[in-house]
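**Q** First the structure, then my questions, so here it is.
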Amino acid sequence: MAKQAQLMELLKKEVRAMLIAAKDGLTPAELEEQYMAMVCKPLPLQDLGFQSTLELVTHMPEVVRVFSCKNGTVILKAIADDTTKGIAKLVACQKGRTCAKTWKRTPPKANAASPFKNSKNAQHSPLRARTPLLPATVKAELQDLLSSSPLLLQDLDKAFLSCFGRAFPYRQCGFSSALEALRSVSDFIAVEQTKAGSLLVLRQHVAEEAEQENNSQNVIFAAEMPPLEPVCETDDFYQAALLMKWEPVETQAVDLGDRLKQVSGGQPQDFQQLLPNKLTLSLEIPPDAVQDRSLCSLPPLKRKCLVGVIVEFIVSPTQFYIHICGRETSYKLQDLMFEMRHLYSHKLVSDKYIMPDSAVRPGQLCCVMVSKWWYRVIIHRVVSDQEVEVFYADYGQLQIVQKSWLRFLKWHYLKLPAQAIPCSLAWVKPVEGTWSPAATLVFKNLCRFKELVGIVDEYVDGVLHLFLCDTSTKEDVYFHYVLRDMGYADVCGENIPSQEFKELNPLALYVQPSGKQENDELVEPDLCLQQESLVADSETTASKLDGTELCDQ
């Protein structure tokens with residue numbers, strides 16, 4: 001007990017010191033962060049018998065004053081004692097917090113920084129970056145994790161690791177803490193203060209959408225399951241059988257007896273008379289499976305247009321792929337991936353879209369599952385009987401995957417244009433004729449997990465040449481100047497066609513130019529079989545992106 005009392009007295013001094021330094025007070029979560037940063041260990045809640053930070057401070061009435069805001073936020077402020085009154089008075093004289101200005105893109109001023117000038121004399125760009133950005137996949141994983149139930153902040157790492165096989169990657173994404181990363185997605189995650197600690201909750205509109213989607217998935221699952229009770233008439237079953245084809249196989253036959261009993265009231269012998277001894281059922285290709293269509297690309301961007309971008313895949317400074325940040329692009333891709341995961345995760349639905357060997361051919365648009373997520377891909381080449389090399393239309397990389405991971409893509413997922421844009425850093429060429437591994441590593445580190453500002457220069461042979469600028473630091477950093485100053489690149493004042501993309505540009509091979517898909521009147525086939533085998537998909541408006549809109553977002 002004496003040790004607990006000593007610990008409590010020391011903790012009161014530390015908490016008072018931290019709260020006095022914060023003129024506008026701290027939330028319980030911010031107090032936890034600051035204590036960790038100052039003492040290098042978490043608040044000793046368990047040692048003192050408390051369940052949460054809020055419960056702890058309520059037992060310090062002479063140290064902490066607790067305020068509740070109208071929006072539900074809890075603010076903690078210090079109560080100064082005789083030894084800290086002077087410090088409190090000095091802090092009170094400081095300027096209060098000012099609201100951050102809205103981040104928006106404005107036309108460059110006459111004296112604004114330009115990629116065409118030496119970076120040493122560059123001024124701040126009109127585009128000032130916000131906090132680092134969580135990738136779309138991580139956002140979708142968070143939404144998936146919280147869709148079943150709220151989660152305490154202290155349990156986030158453990159739950160994320162258990163669900164996705166890795167810890168929550170907030171540091172890799174450029175955040176100093178998990179809480180800072182969660183604040184960047186406050187549009188769909190709320191942090192509520194409870195006696196047990198900071199609670200992560202999906203905001204109501206997101207939770208309702210997830211619930212509706214789960215309900216719709218239950219409808220699919222129910223529609224896919226065969227009836228468990230005996231049925232009086234078997235006409236429907238025989239009509240369904242007519243839609244199937246019977247293929248002799250050399251391997252051991254599948255025992256259909258039990259399965260047929262479920263749908264024919266336990267008397268499969270009449271139907272079995274129609275079958276040879278060694279047969280297996282093979283469903284026809286679903287009517288809404290994409291077979292002979294291609295994705296379209298995003299519309300070209302206007303020259304000197306400023307856009308927020310994330311570099312997704314890098315081969316070299318003159319061969320990489322970007323995403324454009326915005327509601328009509330990266331946000332819609334996130335929604336699409338989340339929807340695909342929910343649909344294809346149902347085995348009975350997923351099995352209907354298994355691709356036969358005849359459909360596994362170069363140029364075929366389909367989807368593949370990697371680490372529980374489904375991606376739109378295009379088959380580049382068949383490697384062996386078990387493996388194929390695919391191109392990720394929304395991310396840019398080539399990868400060898402198992403054939404068994406492939407599924408037909410639904411027509412519904414054909415509407416969003418391919419999000420990967422092939423790019424080359426403008427005005428640079430390698431000093432040594434080819435890019436050294438060190439130069440590529442420097443470029444990767446510059447781009448890593450950041451939302452950057454891209455300044456469009458021009459398109460050369462379908463490849464976007466643009467300048468990249470990091471505006472998250474005090475001084476704007478133009479990447480072509482960094483490579484030049486480190487001796488890896490020459491700034492040549494013109495765009496040399498990328499040799500790497502000359503050798504291979506999968507996007508140019510397999511993706512149609514913007515607008516061609518619309519001219520071909522992309523319409524999802526209206527077939528009654530879809531209602532029997534699949535969900536009634538909610539129609540999503542086709543993404544028709546305008547380069548001007550991208551510049552203005």
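Simple scheme: letters A, B, ... for chains in structure tokens order, numbers from 1 for residues in each chain, numbers from 1 for ligands in the order shown.
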Could you tell me, as a list in words, which residues of region 287-328 of chain A DSSP assigns to strand (DSSP E) when given the backbone?

**A**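 Here are the strand (DSSP E) residues of region 287-328 of chain A: Leu306, Val307, Gly308, Val309, Ile310, Val311, Glu312, Phe313, Ile314, Val315, Ser316, Gln319, Phe320, Tyr321, Ile322, His323 and Ile324 of chain A.
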
**Q** Dump N, CA and C atoms for the selected residues as an mmCIF file, in the first residue's frame?

**A**
data_model
loop_
_atom_site.group_PDB
_atom_site.id
_atom_site.type_symbol
_atom_site.label_atom_id
_atom_site.label_comp_id
_atom_site.auth_asym_id
_atom_site.auth_seq_id
_atom_site.Cartn_x
_atom_site.Cartn_y
_atom_site.Cartn_z
ATOM 1 N N LEU A 306 -2.093 20.305 -60.660
ATOM 2 C CA LEU A 306 -1.580 19.848 -59.369
ATOM 3 C C LEU A 306 -2.541 18.823 -58.785
ATOM 4 N N VAL A 307 -2.038 17.653 -58.448
ATOM 5 C CA VAL A 307 -2.888 16.588 -57.917
ATOM 6 C C VAL A 307 -2.221 15.934 -56.710
ATOM 7 N N GLY A 308 -3.039 15.471 -55.784
ATOM 8 C CA GLY A 308 -2.536 14.665 -54.680
ATOM 9 C C GLY A 308 -2.374 13.232 -55.148
ATOM 10 N N VAL A 309 -1.209 12.648 -54.933
ATOM 11 C CA VAL A 309 -0.935 11.302 -55.429
ATOM 12 C C VAL A 309 -0.276 10.458 -54.342
ATOM 13 N N ILE A 310 -0.417 9.149 -54.502
ATOM 14 C CA ILE A 310 0.324 8.183 -53.692
ATOM 15 C C ILE A 310 1.041 7.249 -54.665
ATOM 16 N N VAL A 311 2.337 7.094 -54.480
ATOM 17 C CA VAL A 311 3.111 6.187 -55.329
ATOM 18 C C VAL A 311 2.926 4.777 -54.798
ATOM 19 N N GLU A 312 2.369 3.890 -55.626
ATOM 20 C CA GLU A 312 2.004 2.553 -55.176
ATOM 21 C C GLU A 312 3.082 1.510 -55.447
ATOM 22 N N PHE A 313 3.685 1.550 -56.635
ATOM 23 C CA PHE A 313 4.645 0.501 -57.011
ATOM 24 C C PHE A 313 5.785 1.136 -57.782
ATOM 25 N N ILE A 314 7.025 0.818 -57.391
ATOM 26 C CA ILE A 314 8.206 1.456 -57.975
ATOM 27 C C ILE A 314 9.165 0.401 -58.508
ATOM 28 N N VAL A 315 9.573 0.580 -59.755
ATOM 29 C CA VAL A 315 10.671 -0.198 -60.330
ATOM 30 C C VAL A 315 11.925 0.669 -60.376
ATOM 31 N N SER A 316 11.742 1.923 -60.779
ATOM 32 C CA SER A 316 12.841 2.895 -60.829
ATOM 33 C C SER A 316 12.219 4.289 -60.873
ATOM 34 N N GLN A 319 10.058 4.470 -63.861
ATOM 35 C CA GLN A 319 9.036 3.435 -64.043
ATOM 36 C C GLN A 319 8.363 3.173 -62.699
ATOM 37 N N PHE A 320 7.215 3.811 -62.506
ATOM 38 C CA PHE A 320 6.447 3.603 -61.280
ATOM 39 C C PHE A 320 4.975 3.878 -61.566
ATOM 40 N N TYR A 321 4.137 3.517 -60.625
ATOM 41 C CA TYR A 321 2.689 3.689 -60.769
ATOM 42 C C TYR A 321 2.154 4.495 -59.600
ATOM 43 N N ILE A 322 1.171 5.347 -59.883
ATOM 44 C CA ILE A 322 0.586 6.184 -58.834
ATOM 45 C C ILE A 322 -0.923 5.971 -58.754
ATOM 46 N N HIS A 323 -1.482 6.368 -57.612
ATOM 47 C CA HIS A 323 -2.919 6.543 -57.410
ATOM 48 C C HIS A 323 -3.195 8.029 -57.279
ATOM 49 N N ILE A 324 -4.309 8.464 -57.784
ATOM 50 C CA ILE A 324 -4.760 9.835 -57.539
ATOM 51 C C ILE A 324 -5.674 9.815 -56.316
#

**Q** Using CA of Pro437 (chain A) and CA of Ala420 (chain A) as the two end points, give the distance in Å to one decimal.

**A** 23.4 Å

**Q** What's around Val390 (chain A) at 7 Å? Count only C-alpha atoms, leave out sequence neighbours fewer than 2 positions away in its own chain, and write the answer as a VMD selection string.

**A** chain A and resid 377 to 380 388 392 398 to 400

**Q** The selected residues should be written to file as a CSV table (one decimal), in the first residue's frame (atoms: N, CA and C atoms).

**A**
chain,number,residue,atom,x,y,z
A,377,VAL,N,-7.2,-8.1,-61.6
A,377,VAL,CA,-6.0,-8.4,-62.3
A,377,VAL,C,-6.2,-8.8,-63.7
A,378,ILE,N,-5.2,-8.8,-64.5
A,378,ILE,CA,-5.2,-9.2,-65.9
A,378,ILE,C,-4.1,-10.3,-66.1
A,379,ILE,N,-4.5,-11.4,-66.6
A,379,ILE,CA,-3.5,-12.5,-66.8
A,379,ILE,C,-2.5,-12.0,-67.9
A,380,HIS,N,-1.2,-12.0,-67.5
A,380,HIS,CA,-0.1,-11.6,-68.4
A,380,HIS,C,0.5,-12.8,-69.2
A,388,VAL,N,0.2,-18.6,-62.8
A,388,VAL,CA,0.1,-17.6,-63.9
A,388,VAL,C,0.7,-16.3,-63.4
A,392,TYR,N,-1.7,-6.3,-61.8
A,392,TYR,CA,-2.6,-5.7,-60.9
A,392,TYR,C,-3.0,-4.3,-61.5
A,398,LEU,N,3.5,-6.7,-61.4
A,398,LEU,CA,3.3,-8.1,-61.9
A,398,LEU,C,3.6,-9.1,-60.8
A,399,GLN,N,2.9,-10.1,-60.8
A,399,GLN,CA,3.1,-11.1,-59.7
A,399,GLN,C,2.7,-12.5,-60.2
A,400,ILE,N,3.4,-13.5,-59.8
A,400,ILE,CA,3.0,-14.9,-60.1
A,400,ILE,C,2.1,-15.4,-59.0

**Q** Region 424-518 of chain A: which residues are alpha helix (DSSP H) by DSSP, as a PyMOL selection string?

**A** chain A and resi 437-447+479-485+499-503+506-510+516-518

**Q** Counting only C-alpha atoms, what is within 12 Å of Arg183 (chain A), bar same-chain residues fewer than 2 positions away, as a PyMOL selection string?

**A** chain A and resi 29-30+130-134+139+170+175-181+185-192+200

**Q** Using only C-alpha atoms, find the one residue out of A:Ile354, A:Ile421, A:Ile20, A:Ala136 that sits nearest to Leu333 (chain A).

**A**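 Smallest separation from Leu333 (chain A) among the options: A:Ala136.
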
**Q** Which residues are near Val383 (chain A)? Cut-off 10 Å, only C-alpha atoms, ignore same chain within fewer than 4 positions. Put them as a list in words.

**A**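 The filter keeps Glu387, Val388, Glu389, Ile400, Val401, Gln402 and Lys403 of chain A.
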
**Q** Mind giving me the straight-line distance from CA of Leu45 (chain A) to CA of Gln4 (chain A) in Å, one decimal?

**A** 10.9 Å

**Q** For Ser350 (chain A), find every residue with an atom within 10 Å (counting only C-alpha atoms), except residues of its own chain fewer than 5 positions away, and show them as a count of residues only.

**A** 6

**Q** Nearest to Ser330 (chain A) among A:Pro287, A:Pro135, A:Gly363, A:Gly197, with distances taken over only C-alpha atoms: which residue is it?

**A** A:Pro135

**Q** Rounded to one decimal place, report the CA of Gly326 (chain A)-CA of Ile455 (chain A) distance in Å.

**A**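 Going from CA of Gly326 (chain A) over to CA of Ile455 (chain A) covers 15.9 Å.
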